[in-house]
Each structure stands twice: as structure tokens, then as C-alpha cells.
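Participant: My questions will all concern the structure given below.
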Amino acid sequence: MKKNLLTKYFVIVLVCLFFLAGIMTGKEGRRSRTGTDLISSCGNETENQSLEENPIVQIEENIIENQESKKVEEKKPQSDEKSSSENDIVYKKGEFDKYGEQYSLIEIEEGEYEVTLYDKENKVVHTETFTKLPWISEMTDNILQIGLSLGSPAPYIYYYDKERAIVSTCYPDSFYLKDNYVAYMRDVNTLIVTDIFEDNELYMEISRNFSDSQNLGGLYLAIKDITWITLKGRDVLVLEYHEGEDRELLSEVIPIEDGEEAVVYNELDELEKEYDILEYDICSPVLDDFERVHPTIKAHAEYEMRNHEEICQKYGKQLKISLDYHTFDFNDDGLDDYLLCVDRELYDGRVEHWIEIYVTKRQRGYVFATQKMEDEIVSSVLEVNLPQTDQMEDDGHKQIVVLNEKTEGYYAIALPWSNLILKYDDRYSQYEFCDQ
């Protein structure tokens with residue numbers, strides 16, 4: 001009996017021991033598996049383990065791969081095709097490229113330029129290639145001037161009407177006047193004034209003994225200036241030109257329409273009706289003591305006298321000359337400026353009447369970067385010869401009026417015996433005839 005009980009207890013103890021041993025073995029296995037998983041998730045000792053066996057590793061590696069791919073895309077340069085296109089644009093943009101309304105001037109190659117003209121729908125009307133740099137100037141809102149200097153005073157010039165999209169004929173030697181009008185030399189003795197685009201609006205021939213423009217290099221040496229102005233409601237040309245071999249400078253006021261009466265000069269009272277007058281006569285008193293003037297003015301007066309004496313000796317004649325000056329502050333800067341009048345009888349009986357204006361300005365600088373220097377210099381702003389007056393008669397000095405209005409800081413001046421008003425034009429740093 002006892003023996004049987006001992007046997008049962010022994011069996012029970014053995015079963016318990018085996019059970020406990022199994023439990024301990026399972027715990028160690030689980031502990032070992034968890035440790036391996038942790039090592040694998042940190043990326044160590046996983047060379048023989050596939051991504052399918054470890055989804056956590058797969059997700060993390062995908063995230064890292066996407067981030068690296070993004071960085072590579074950000075750093076990746078643009079395609080060769082795009083780069084090449086941009087380089088082409090930079091190459092084609094020349095230093096002198098110019099774009100405007102209905103035109104372009106492009107440097108297509110080094111030293112080669114292309115002018116393109118467009119209509120209002122941006123369609124090409126005219127294209128021309130030049131081997132020298134041309135210019136394009138907007139004369140009015142609708143008129144363009146395209147020109148090229150050919151290495152002489154006779155440029156290659158034509159015009160473009162943007163409104164009508166038409167190109168003019170070439171005017172190799174011309175003056176643009178205004179609106180739709182131009183002047184050019186047909187030959188050495190004939191000046192043509194006409195409409196630019198051959199609309200039969202105007203055609204005038206002005207024949208004079210012009211200095212030989214062909215031998216001298218073109219219109220710009222035969223004609224000093226030609227200006228279209230409105231004078232008392234009438235369109236006239238003020239023509240300044242060189243005449244004959246001696247290149248005498250003459251001025252004329254020419255009505256535009258053929259058959260019109262000559263220009264009638266108005267009296268001072270008519271000028272007073274339209275303008276506020278600042279000074280009625282800056283030529284009174286008459287001054288002729290050139291010892292008191294600026295050295296440049298004195299030197300000019302001495303030159304005029306020497307030149308006149310040489311002409312008298314050359315032709316054996318006692319010719320008249322009158323040279324005087326007057327001071328007035330034309331640009332209102334506190335410095336006296338000079339008005340010179342030169343009346344001279346020529347050997348052939350004609351008379352010159354020069355009006356010249358010189359303005360005085362202070363020029364500042366330094367000598368040896370320490371000593372301050374300040375000089376007064378004079379520069380010419382008007383030089384015109386109006387020979388149609390009878391200034392050599394003994395009726396006193398011609399009157400010059402200053403108007404109480406300024407242009408670019410300079411007072412306008414009027415010549416009551418010629419109906420002409422001159423205003424300062426900053427583009428040319430000169431007084432110019434103006435509409436009135």
C-alpha cells in the first residue's frame with residue numbers, strides 16, 4: 001500500500017518537473033526571438049532576412065529611399081535642351097538690341113544687324129539686314145526714321161508709317177521737316193520739299209546757288225538748317241544755306257505754297273498783342289569797347305576785323321563793317337551773356353547781318369587735387385545770318401526783343417523786323433526758330 005503511494009507521488013513529482021522544464025524552455029525561446037527582432041529592426045545582422053519577412057524594415061527603407069530620391073531631383077540640373085535654349089537667347093541678345101512699338105533692331109551676329117517693321121497686327125511688313133549699326137528714331141507717334149551712316153555726311157535714310165504700314169523710298173541726303181514732310185537735294189542746285197510717302201500733298205523746288213554739296217559731301221554741308229514753322233498762320237520755311245564757292249551763309253523765309261506773296265514783316269505793336277514782353281530792346285545802348293568783354297568774345301571780334309580787312313585788300317574795295325555787342329542774362333543764372341551783331345558789306349554788294357548769342361557759365365575743378373579752380377567759359381547758342389534786312393542804312397541799330405517766357409531755362413527772343421521768334425532747344429543746345 002505504502003509502496004503504491006510512494007510510486008504515485010514519485011510519478012507526480014516527475015510530471016511536475018517535466019512541466020516546469022517545458023515552461024522554462026518556452027520562456028527562453030520567446031526571449032531569444034524578441035531579442036532578434038529588436039536587432040533586426042535596427043538594421044544589424046539582417047543580411048539573410050528578406051523584406052517580406054520584416055515589413056517594418058521595408059517601410060523604413062522605403063521612406064529613406066524616397067527622401068534620397070527627392071534630394072537627387074532637387075539637385076539634378078535642368079535638361080540639356082532647356083539649358084541650350086536659354087544660352088541661345090543670351091547669345092542672340094546683342095548689346096545694341098532695341099525694341100519699340102511696331103519695330104525691332106536686333107544684333108543677329110557680331111557686326112550684323114536686322115531691322116524688322118510690323119503692322120498693328122504684329123505681322124512683318126519689312127525686314128532689312130545691315131552690316132553697320134543703324135538707328136531708329138520716332139519722329140512722331142506714327143512716323144519712324146531708319147537711318148545708317150555710310151561713312152560720309154550723306155546717310156542712308158527711309159521712313160515708316162506705322163498707321164498705314166508703308167515704307168518710303170530711300171532719301172540718301174535729307175532733312176526731316178515735320179509730320180509727313182521731308183527735304184532733300186535733287187542735285188547741287190535744287191532743293192526738293194515734298195511729302196515723304198509720295199501722297200502728292202506737296203512738291204516744291206527751291207533753286208539757289210548752293211555750295212557744291214556733292215564735292216563737299218552732301219546736303220548737311222550745303223544746308224545749315226531748314227525749319228518748317230507757322231508764321232502768323234502761314235506755313236513757311238526758314239532756310240539757312242551756304243552759297244557759292246565762298247560758302248557765304250544766307251537765311252531766307254520762304255512760303256510753303258507756290259504763288260504766295262512774300263512774307264510781310266509785322267511791327268512791334270502786333271508782337272505786343274500776343275506776347276508778354278520782358279525787354280523791348282536789349283541792343284540799347286550799343287557797345288563796341290571789346291576790351292571789357294570775355295577773352296573769347298574779344299578774340300572773336302578781332303578775327304572778324306582781320307578777316308574783313310583781308311577781303312578789302314583782296315578786292316581793292318573799302319567795304320563797310322559794324323561790330324557791336326550787348327549784355328543780357330539769357331538763362332537767368334546771374335551771369336552776363338553776350339549778344340553780338342555783325343553787319344558786313346560783301347565785295348559783290350550784298351550785306352550780311354549776323355546775330356550771335358554766347359552764354360557764360362562757370363566751370364569748376366581742381367588743380368593738383370588741392371587748389372580749387374573756377375573759370376568762366378562762354379559757348380555759342382545762336383548763330384544766324386538774316387541778310388534780307390537793310391541794316392546798313394543809317395536808321396539806327398536793329399531792335400531785338402526778349403519775351404517773358406522761358407524754354408529749358410532760357411528766355412525766348414523776337415526779331416520784330418523779321419516776324420521770327422527763337423526759343424532754346426535743349427536737344428541741340430541752341431536757339432531754334434519756332435512756330436508762332
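Following the order of the C-alpha cells, first chain is A, next is B, and so on, with residues numbered from 1 inside each chain and ligands from 1 in the order they appear.
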Please identify all polymer residues within 12 Å of Leu202 of chain A, counting only C-alpha atoms, omitting same-chain residues fewer than 6 positions from it, and present them as a list in words.

Facilitator: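 Surrounding residues, per the criterion: Asn180, Tyr181, Val182, Ala183, Ile192, Val193, Thr194, Asp195, Ile196, Ile256, Glu257 and Asp258 of chain A.
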
Participant: Please report, as a PyMOL selection string, each residue of segment 100-241 of chain A to which DSSP assigns alpha helix (DSSP H) when run on this structure's backbone.

Facilitator: chain A and resi 213-216+219-222

Participant: Could you check the closest approach to Leu319 of chain A for each of A:Leu239, A:Asp343, A:Asp281, A:Ile297 and tell me which residue wins, using only C-alpha atoms?

Facilitator: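 Of A:Leu239, A:Asp343, A:Asp281, A:Ile297, the one nearest Leu319 of chain A is A:Asp343, counting only C-alpha atoms.
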
Participant: If we count only C-alpha atoms, what is near segment 158-173 of chain A at a cut-off of 6 Å, once residues fewer than 6 positions away on the same chain are taken out, given as a list in words?

Facilitator: Asp119, Asn142, Ile143, Leu144, Gln145, Ile146, Tyr184, Phe197 and Leu219 of chain A

Participant: To one decimal place, how far is atom CA of Glu205 of chain A from atom CA of Asp187 of chain A in Å?

Facilitator: 10.8 Å

Participant: Name all residues at most 10 Å from Glu304 of chain A (count only C-alpha atoms; drop same-chain ones fewer than 2 positions away) and give them as JSON, numbers by chain.

Facilitator: {"A": [299, 300, 301, 302, 306, 307, 308, 309, 321, 323, 342, 344]}

Participant: Provide the atom CA of Glu128 of chain A to atom CA of Val115 of chain A distance in Å, to one decimal place.

Facilitator: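 Spanning atom CA of Glu128 of chain A to atom CA of Val115 of chain A is a straight-line distance of 5.3 Å.
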
Participant: Find, counting only C-alpha atoms, the residue in A:Gln363, A:Thr190, A:Ser284, A:Asn385 that gets nearest to Val401 of chain A.

Facilitator: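 The shortest atom-to-atom distance to Val401 of chain A comes from A:Ser284.
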
Participant: With distances taken over only C-alpha atoms, which residue among A:Ser379, A:Asn404, A:Ser429, A:Ser211 lies nearest His294 of chain A?

Facilitator: A:Ser379

Participant: Distance atom CA of Glu201 of chain A-atom CA of Pro134 of chain A, one decimal place?

Facilitator: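 Taking atom CA of Glu201 of chain A as the start and atom CA of Pro134 of chain A as the end point, the length is 29.0 Å.
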
Participant: Where in segment 173-339 of chain A does DSSP assign strand (DSSP E), given as a PyMOL selection string?

Facilitator: chain A and resi 174-178+181-187+190-195+203-207+223-231+234-243+248-255+277-279+321-328+337-339

Participant: I need the chosen residues saved as a CSV table (one decimal), in the first residue's frame, with C-alpha atoms.

Facilitator:
chain,number,residue,atom,x,y,z
A,174,SER,CA,17.6,114.5,-96.4
A,175,PHE,CA,16.2,116.7,-93.7
A,176,TYR,CA,13.1,115.6,-91.8
A,177,LEU,CA,10.8,118.7,-91.5
A,178,LYS,CA,7.6,117.8,-89.7
A,181,TYR,CA,7.3,116.1,-95.0
A,182,VAL,CA,11.0,115.9,-95.9
A,183,ALA,CA,13.6,118.0,-97.8
A,184,TYR,CA,16.3,116.5,-100.0
A,185,MET,CA,18.8,117.6,-102.7
A,186,ARG,CA,17.9,116.5,-106.2
A,187,ASP,CA,21.1,118.0,-107.5
A,190,THR,CA,17.9,122.2,-106.4
A,191,LEU,CA,16.4,121.5,-103.0
A,192,ILE,CA,13.1,119.5,-103.1
A,193,VAL,CA,10.5,119.8,-100.4
A,194,THR,CA,7.8,117.1,-100.6
A,195,ASP,CA,5.7,114.6,-98.6
A,203,TYR,CA,6.2,119.3,-104.1
A,204,MET,CA,8.4,122.3,-104.1
A,205,GLU,CA,11.7,123.1,-105.9
A,206,ILE,CA,14.0,125.6,-104.4
A,207,SER,CA,16.8,126.6,-106.8
A,223,ILE,CA,22.3,123.4,-95.9
A,224,LYS,CA,23.0,124.6,-92.4
A,225,ASP,CA,19.3,124.2,-91.4
A,226,ILE,CA,15.8,124.1,-92.8
A,227,THR,CA,12.9,124.6,-90.4
A,228,TRP,CA,9.2,124.4,-91.1
A,229,ILE,CA,7.3,126.9,-88.9
A,230,THR,CA,3.9,128.6,-88.8
A,231,LEU,CA,4.4,132.3,-89.1
A,234,ARG,CA,1.1,130.7,-92.7
A,235,ASP,CA,3.4,127.8,-93.2
A,236,VAL,CA,6.9,128.9,-94.2
A,237,LEU,CA,10.4,127.5,-94.4
A,238,VAL,CA,13.3,129.2,-92.7
A,239,LEU,CA,16.2,128.2,-94.9
A,240,GLU,CA,19.9,128.7,-93.8
A,241,TYR,CA,22.3,127.7,-96.5
A,242,HIS,CA,25.8,128.2,-97.8
A,243,GLU,CA,26.1,129.9,-101.2
A,248,GLU,CA,28.6,132.6,-97.6
A,249,LEU,CA,25.9,131.7,-95.1
A,250,LEU,CA,22.4,133.1,-96.0
A,251,SER,CA,19.0,132.9,-94.5
A,252,GLU,CA,15.6,133.1,-96.2
A,253,VAL,CA,11.9,132.9,-95.1
A,254,ILE,CA,10.1,131.0,-97.9
A,255,PRO,CA,6.3,130.5,-98.1
A,277,ILE,CA,7.5,141.4,-73.4
A,278,LEU,CA,10.3,141.4,-70.8
A,279,GLU,CA,12.7,143.7,-72.6
A,321,ILE,CA,31.5,146.8,-91.3
A,322,SER,CA,29.9,147.4,-88.0
A,323,LEU,CA,30.6,145.2,-85.0
A,324,ASP,CA,29.0,145.7,-81.6
A,325,TYR,CA,27.9,143.7,-78.5
A,326,HIS,CA,25.2,143.8,-75.8
A,327,THR,CA,24.9,142.0,-72.5
A,328,PHE,CA,21.9,140.2,-71.1
A,337,ASP,CA,25.7,136.7,-71.5
A,338,TYR,CA,26.7,138.3,-74.9
A,339,LEU,CA,24.7,139.3,-78.0

Participant: Could you name the residues that touch Leu117 of chain A at 7 Å or less, counting only C-alpha atoms, but leaving out those on the same chain fewer than 2 positions away, as a PyMOL selection string?

Facilitator: chain A and resi 102-104+115+124-127
